[in-house]
Amino acid sequence: MGRDLSALFDPVSVAVVGASDDPAKYGHAIAVQALRADGRRPVHLVNRRAGTVLGRTAAPSLSALGEPVDLAVVSVPAAGFEDAVDEALRCGARAIVAITAGFAETGAAGRARQHAVAERVRAAGAVMVGPNCLGIADNTTDLFLASDSFTPGGVALLSQSGNLALELQLRFRPHGLGFSRFVSLGNQADVTLVDLLADCARHEGTRAIAVYAEDFGDGRAFAEAAAEAGKPVVLLTAGRGDASARSAQSHTGALTTSADVVSAACRDAGVELVATPRELTVVLAASEGARRAAGRRVAVLTDGGGHGVIAADSVETAGLTVPELAEPTRQHLREALWEQSAVANPVDLAGMGEQDPGSYATTVAALLAAEDTDAVLMTGYFGGYAAAEGGLGGGGTALADGEREAARLIAARHRATAKPLVVQSMYPESPSCRTLAAAGIPVFAATEDAARALLATAPATARTGVTPLPAPAAPIRRTGYLETRRALEAAGLAFPAAREIHDETQLLAAAAELTGPYVLKALHLLHKSDAGGVALNLAGPAELLTAFREMHARLGAPSYSVEAMADLTDGIELIVGVNRDPRFGPVALVGLGGILAEALRDVAFSLAPVPADRAESLLRGLRTAALLDGVRGRPAVDVAAAAAAVETITTFAAEHPEIAEIEVNPLLVRPRGVLALDSRAVLA
């Protein structure tokens with residue numbers, strides 16, 4: 001069930017330590033907000049100088065109150081922070097909101113102080129948000145312990161930025177969105193993002209959870225909690241660049257960026273990943289009605305050709321489709337509209353709205369009822385007729401009245417169907433559009449926002465969840481080519497026959513044991529092909545010996561591997577690897593492999609280990625997936641065997657946390673079965 005945070009969100013009593021009359025101090029802002037709910041629970045103000053604060057008698061200390069305190073907000077200078085926390089614990093505090101800064105964010109010494117305080121809090125059976133946070137609020141329990149007030153609603157916001165919360169407050173307002181809870185995460189010394197996410201998932205007053213995080217701490221635990229939330233989780237994160245790939249020693253490491261890792265974790269967990277506060281608002285507005293489209297087919301309704309074409313492009317760019325409507329639907333529309341209206345998709349009223357605003361409602365109803373549509377986007381001028389200024393005909397005209405009536409009819413039709421309807425309008429604040437918004441229909445000024453909203457309602461990629469990590473296996477101490485290969489063979493991965501050799505005598509003996517043609521590999525190189533440490537398709541012992549002498553003279557490797565050359569004729573070369581991310585743990589990569597893996601960059605990612613069914617989905621989602629089924633006379637390859645190999649490799653990697661990077665490249669997938677042709681691993 002996770003940690004008990006009841007004292008944090010619905011305490012019996014509250015004390016603000018560091019309350020002040022000085023508007024420049026954070027203790028002033030917190031005290032002002034806390035007193036808004038003085039009738040819900042006792043609110044005590046504490047200031048070491050005593051006297052009065054905000055016209056109320058202030059205690060010089062928590063101890064001086066003479067009664068227990070359930071939640072203490074600590075907003076004092078860093079030098080007095082530890083003493084204030086210790087006193088709160090002695091006074092029975094079960095929860096602490098630590099505003100004070102100057103800890104882990106300042107360096108090692110501050111981190112050590114922070115850790116010591118968190119240990120004492122946990123030892124006392126209490127919980128602490130922060131330090132270095134901006135407070136919390138819970139509109140469902142009238143708990144106001146942040147510097148600003150938040151409009152009530154169903155969104156819980158867990159954020160590392162206070163100013164972002166203020167921006168979202170402004171962006172939410174036109175869409176009727178509000179906050180159930182707000183928590184400033186701070187340094188997460190005790191209560192973490194994962195703890196809060198799990199608690200908000202259980203909270204009846206929260207319908208969706210919005211997260212702004214720059215540091216996930218335990219990213220894998222975040223993904224697991226989000227996957228189990230049972231509510232929409234929308235993530236806005238920063239710092240998803242490629243810095244993590246700078247020191248990579250394998251193709252897998254070089255191809256894996258922070259953005260890839262976060263995207264994979266979000267996909268596996270069913271989290272909506274967004275890039276801006278505006279996009280976060282759009283997705284939440286679309287999620288508010290909990291409507292999901294049955295498919296990805298969108299009908300576009302417009303009253304002008306330009307808006308229709310732009311909307312269709314935006315919808316398709318978002319990954320949805322705008323298919324031509326079936327003949328029964330088109331015939332129904334022909335009967336309802338006038339002759340010049342276009343009915344294929346986009347559906348264009350072509351001026352009929354100016355003659356009869358009710359045609360909007362008629363057409364929306366037809367499109368929502370059509371069997372060949374999954375969602376509807378209405379775009380263009382609707383709203384302009386009833387706009388107070390600038391609308392055609394002006395407010396109060398028959399057209400304006402007709403449009404307002406059409407809005408009421410559209411709202412009623414929307415309530416009677418489960419299909420998503422999204423509106424883009426040049427006049428989103430007009431009375432007609434406000435009627436739609438009040439009925440739960442998302443209304444946007446920008447076409448791309450409307451398209452993104454529809455994407456948020458479309459059937460999601462199958463939420464796979466996060467596969468639990470297996471128990472660690474006995475650690476591997478050496479990760480040379482042959483050691484890595486033997487370990488993977490023991491796990492069930494097939495390789496060609498091979499012999500390790502050190503000199504010409506052993507080389508000729510290996511040639512006698514194996515069937516040519518041969519492959520010769522120098523074993524001291526991580527990237528053998530790049531350094532000329534691989535010779536392929538050596539027809540017989542004589543070619544093998546010549547290649548060995550040339551390679552040994554050039555590289556001087558201590559040992560070599562002689563291997564049977566695999567038949568590459570009908571195979572596809574893949575790359576399968578795992579890179580250990582410091583926040584999300586093992587992350588798997590699958591894609592088109594061979595020596596062009598980095599150049600082609602046709603890869604997909606998932607948290608490891610990757611079960612075979614998920615691995616097959618990743619392979620089928622590659623840009624070059626058509627190659628797997630055979631093209632231009634080539635046979636289809638054994639995708640099921642490839643997926644099973646992905647499961648074997650990624651499970652092995654997950655069992656060995658001492659391995660930082662591991663890859664099999666190429667993994668040759670043939671019409672029947674797979675064969676690993678090369679492997680490499682790097683210890684952490």
# chains A, B, ... in the order shown; residues from 1 in each chain; ligands from 1

$ select_by_dssp --residues "range 495-656 of chain A" --states "alpha helix (DSSP H)" --output "MDAnalysis selection string"
chainID A and resid 504:513 541:555 597:600 612:620 639:654
